[in-house]
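A quick write-up on the structure given underneath.
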Amino acid sequence: MTENIYPVELTAPDIEPYRTGNTGVEFVTTFDSGTAGPHVMINAVTHGNEICGAIALDALLKADVRPVQGKLTLGFINHMAFQTFDPQAPDLSRFVDEDFNRVWVEERLDGAEDTVELRRARELRPIFDSVDLLLDIHSMGTNSGALMICNGLEKERTFSRMVNFPAFIMCGSGHVVGKRLIEYTPFNDVNNNKVALLVECGQHWAAATGIAALDTALHFLRAAKTVSPVFIEEHLSDVATNPPAAQMWDVTGGVIAETDDFEFVKPFAGMEIIETAETVIANDGDTPIVTPYDHCLLMMPNHKPGKGMRKLRLCRRVG
Ligand SMILES: [Zn+2]
């Protein structure tokens, strides 16, 4: 376990008041406007150590957010892991048995395997199956700028541009084992209009990350036309009012450590742009890792050691 070098500036909210909810599934609350419109859902704490989403949902619930059309569902997803969050050891509460954001494969959901996260995924699955627009709120291990992630389908690109917050939209996965929630079949399907987006709001415990989580949720609700414009304006932070057009980038690949001896040449935080192709950015044992093209963006570098670990994603600007 690497030592946590980032101060814990955020405070994990008490989510116990939201346990009962009104859906029959713990920590999930749905508000129904009674009129036609999309079913919009915002997820917090898919990873239990990523507390910014819980802060955003707590703020929305305390502000009595209500949909003006369709339905709005707010869910604390891996509440079991989140409730073990300890500011003295903030990395330890990511999950209980396994990564909740890798289990979204039908064979596993339908299978006989039993883990804490699979059990929770099975109880949440009927809710996700009814959702049209999903925002899954996450945060990152480094002080990277915030970014929105989608699979890259045209419907996702269109809706991400409507959300237009945070300032970067990253399309594609760059190799992961298992499936993330945004890759769960009903969302990752060109034959319907459902869209699931994943936002990375900044470093897990930085103060600005909590603000970015709420700002992103509000821009998502604005784009979905779920909540009144007055509510949005009242709750957006100054930095998120009238943001410039977001940049779109394609994730062209991921770098996996082949050895236990993978070292970046600089302490990259993420979102650095390397101007020239063939620039060495890391050494994996004796093998130099180079940028494959000019103007290559380094997304979410992972400084945790270990062979087989995804170290970063490489991205090319769209258009
Ligand atoms: Zn996460």
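Labeling convention for the structure tokens: chains A, B, ... as they appear, residues from 1 per chain, ligands from 1 in order of appearance.
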
* To do: Find the residues near A:Cys315: any atom within 10 Å, counting only C-alpha atoms, skip ones fewer than 6 places away on the same chain, and give them as an MDAnalysis selection string.
  => chainID A and resid 170:172 174 248:254 271 273 291:293 295:299

Please return as an mmCIF file with N, CA and C atoms, in the first residue's frame the residues found within 12 Å of ligand 1, counting only C-alpha atoms and all ligand atoms.
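part_26.cif written:
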```
data_model
loop_
_atom_site.group_PDB
_atom_site.id
_atom_site.type_symbol
_atom_site.label_atom_id
_atom_site.label_comp_id
_atom_site.auth_asym_id
_atom_site.auth_seq_id
_atom_site.Cartn_x
_atom_site.Cartn_y
_atom_site.Cartn_z
ATOM 1 N N ASN A 43 -25.422 8.759 -9.611
ATOM 2 C CA ASN A 43 -24.789 7.787 -8.714
ATOM 3 C C ASN A 43 -23.658 8.426 -7.941
ATOM 4 N N ALA A 44 -23.585 8.136 -6.665
ATOM 5 C CA ALA A 44 -22.417 8.484 -5.857
ATOM 6 C C ALA A 44 -21.769 7.206 -5.347
ATOM 7 N N VAL A 45 -20.531 7.323 -4.968
ATOM 8 C CA VAL A 45 -19.724 6.276 -4.308
ATOM 9 C C VAL A 45 -19.832 4.883 -4.936
ATOM 10 N N THR A 46 -19.768 4.832 -6.263
ATOM 11 C CA THR A 46 -19.540 3.548 -6.922
ATOM 12 C C THR A 46 -18.219 2.971 -6.395
ATOM 13 N N HIS A 47 -17.257 3.875 -6.170
ATOM 14 C CA HIS A 47 -16.050 3.541 -5.401
ATOM 15 C C HIS A 47 -16.159 4.236 -4.050
ATOM 16 N N GLY A 48 -16.064 3.466 -2.967
ATOM 17 C CA GLY A 48 -16.381 3.983 -1.632
ATOM 18 C C GLY A 48 -15.460 5.074 -1.135
ATOM 19 N N ASN A 49 -14.243 5.142 -1.683
ATOM 20 C CA ASN A 49 -13.276 6.166 -1.242
ATOM 21 C C ASN A 49 -13.456 7.482 -1.994
ATOM 22 N N GLU A 50 -14.362 7.510 -2.993
ATOM 23 C CA GLU A 50 -14.522 8.684 -3.852
ATOM 24 C C GLU A 50 -15.727 9.476 -3.342
ATOM 25 N N ILE A 51 -15.473 10.254 -2.289
ATOM 26 C CA ILE A 51 -16.572 10.786 -1.487
ATOM 27 C C ILE A 51 -17.239 12.026 -2.079
ATOM 28 N N CYS A 52 -16.663 12.578 -3.171
ATOM 29 C CA CYS A 52 -17.225 13.813 -3.744
ATOM 30 C C CYS A 52 -18.667 13.616 -4.211
ATOM 31 N N GLY A 53 -18.986 12.442 -4.724
ATOM 32 C CA GLY A 53 -20.349 12.187 -5.213
ATOM 33 C C GLY A 53 -21.352 12.196 -4.073
ATOM 34 N N ILE A 77 -24.171 4.130 -4.224
ATOM 35 C CA ILE A 77 -24.101 2.815 -4.836
ATOM 36 C C ILE A 77 -23.360 1.800 -3.977
ATOM 37 N N ASN A 78 -22.072 2.045 -3.715
ATOM 38 C CA ASN A 78 -21.354 1.108 -2.835
ATOM 39 C C ASN A 78 -21.304 1.711 -1.431
ATOM 40 N N PHE A 82 -18.284 2.745 1.256
ATOM 41 C CA PHE A 82 -18.231 4.156 1.674
ATOM 42 C C PHE A 82 -18.302 4.281 3.193
ATOM 43 N N ASP A 91 -7.586 5.548 1.425
ATOM 44 C CA ASP A 91 -7.545 4.669 0.244
ATOM 45 C C ASP A 91 -8.255 3.334 0.458
ATOM 46 N N SER A 93 -11.156 2.308 1.503
ATOM 47 C CA SER A 93 -12.598 2.063 1.404
ATOM 48 C C SER A 93 -13.092 1.977 -0.033
ATOM 49 N N ARG A 94 -12.224 1.662 -0.984
ATOM 50 C CA ARG A 94 -12.624 1.652 -2.399
ATOM 51 C C ARG A 94 -13.728 0.620 -2.680
ATOM 52 N N PHE A 95 -13.572 -0.577 -2.131
ATOM 53 C CA PHE A 95 -14.612 -1.606 -2.288
ATOM 54 C C PHE A 95 -14.510 -2.578 -1.131
ATOM 55 N N ASP A 99 -13.985 -4.587 -7.204
ATOM 56 C CA ASP A 99 -14.279 -3.294 -7.807
ATOM 57 C C ASP A 99 -15.702 -3.291 -8.381
ATOM 58 N N PHE A 100 -16.566 -2.434 -7.823
ATOM 59 C CA PHE A 100 -17.958 -2.385 -8.280
ATOM 60 C C PHE A 100 -18.056 -1.976 -9.746
ATOM 61 N N ASN A 101 -17.031 -1.264 -10.219
ATOM 62 C CA ASN A 101 -17.088 -0.776 -11.593
ATOM 63 C C ASN A 101 -16.435 -1.737 -12.594
ATOM 64 N N ARG A 102 -16.408 -3.023 -12.274
ATOM 65 C CA ARG A 102 -15.926 -4.030 -13.225
ATOM 66 C C ARG A 102 -16.899 -5.214 -13.337
ATOM 67 N N ASP A 136 -22.511 8.839 -13.387
ATOM 68 C CA ASP A 136 -21.810 8.064 -12.363
ATOM 69 C C ASP A 136 -20.619 8.905 -11.896
ATOM 70 N N ILE A 137 -20.639 9.342 -10.635
ATOM 71 C CA ILE A 137 -19.652 10.321 -10.154
ATOM 72 C C ILE A 137 -18.460 9.623 -9.494
ATOM 73 N N HIS A 138 -17.274 9.942 -10.002
ATOM 74 C CA HIS A 138 -16.015 9.364 -9.496
ATOM 75 C C HIS A 138 -14.998 10.472 -9.235
ATOM 76 N N SER A 139 -13.836 10.043 -8.712
ATOM 77 C CA SER A 139 -12.699 10.953 -8.554
ATOM 78 C C SER A 139 -11.423 10.158 -8.783
ATOM 79 N N MET A 140 -10.280 10.856 -8.742
ATOM 80 C CA MET A 140 -9.016 10.263 -9.215
ATOM 81 C C MET A 140 -7.932 10.282 -8.145
ATOM 82 N N GLY A 141 -6.880 9.499 -8.402
ATOM 83 C CA GLY A 141 -5.764 9.375 -7.471
ATOM 84 C C GLY A 141 -4.781 10.524 -7.519
ATOM 85 N N ILE A 149 -16.140 10.931 -18.993
ATOM 86 C CA ILE A 149 -15.767 9.749 -19.769
ATOM 87 C C ILE A 149 -17.025 9.107 -20.351
ATOM 88 N N ARG A 180 -17.296 -1.589 -16.933
ATOM 89 C CA ARG A 180 -17.749 -0.509 -16.067
ATOM 90 C C ARG A 180 -19.263 -0.358 -16.234
ATOM 91 N N LEU A 181 -19.879 0.319 -15.269
ATOM 92 C CA LEU A 181 -21.322 0.522 -15.344
ATOM 93 C C LEU A 181 -21.719 1.228 -16.645
ATOM 94 N N ILE A 182 -20.916 2.188 -17.091
ATOM 95 C CA ILE A 182 -21.283 2.879 -18.337
ATOM 96 C C ILE A 182 -21.190 1.944 -19.547
ATOM 97 N N LEU A 198 -19.561 8.862 -17.098
ATOM 98 C CA LEU A 198 -18.771 8.754 -15.867
ATOM 99 C C LEU A 198 -17.954 10.030 -15.744
ATOM 100 N N VAL A 199 -18.099 10.729 -14.634
ATOM 101 C CA VAL A 199 -17.272 11.930 -14.451
ATOM 102 C C VAL A 199 -16.211 11.664 -13.395
ATOM 103 N N GLU A 200 -14.984 12.093 -13.707
ATOM 104 C CA GLU A 200 -13.865 12.074 -12.755
ATOM 105 C C GLU A 200 -13.673 13.521 -12.329
ATOM 106 N N CYS A 201 -13.965 13.817 -11.055
ATOM 107 C CA CYS A 201 -14.114 15.217 -10.628
ATOM 108 C C CYS A 201 -12.830 15.878 -10.147
ATOM 109 N N GLY A 202 -11.727 15.107 -10.041
ATOM 110 C CA GLY A 202 -10.472 15.657 -9.516
ATOM 111 C C GLY A 202 -9.906 14.690 -8.489
ATOM 112 N N GLN A 203 -8.885 15.144 -7.740
ATOM 113 C CA GLN A 203 -8.260 14.256 -6.751
ATOM 114 C C GLN A 203 -9.300 13.898 -5.666
ATOM 115 N N HIS A 204 -9.272 12.629 -5.241
ATOM 116 C CA HIS A 204 -10.321 12.089 -4.367
ATOM 117 C C HIS A 204 -10.763 13.010 -3.231
ATOM 118 N N MET A 300 -5.121 10.171 -16.716
ATOM 119 C CA MET A 300 -5.189 9.392 -15.488
ATOM 120 C C MET A 300 -3.979 8.474 -15.269
#
```

Contacts between stretch 60-70 of chain A and stretch 201-250 of chain A, please, where a residue of stretch 201-250 of chain A counts if it comes within 7 Å (with only C-alpha atoms); show its shortest atom pair and distance in Å to one decimal, rows by chain and ascending number, as JSON lines.
```
{"residue": "A:Thr226", "atom": "CA", "partner": "A:Pro67", "partner_atom": "CA", "distance": 5.0}
{"residue": "A:Val227", "atom": "CA", "partner": "A:Pro67", "partner_atom": "CA", "distance": 5.0}
{"residue": "A:Ser228", "atom": "CA", "partner": "A:Val68", "partner_atom": "CA", "distance": 6.4}
```

* Asked: To one decimal place, how far is atom CA of A:Gly21 from atom CA of A:His235 in Å?
  ->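 Computing the Euclidean distance for atom CA of A:Gly21 and atom CA of A:His235 yields 23.2 Å.
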
* Asked: In stretch 59-218 of chain A, what's strand (DSSP E) per DSSP? Answer as a VMD selection string?
  -> chain A and resid 71 to 76 133 to 140 147 to 150 168 to 171 195 to 203
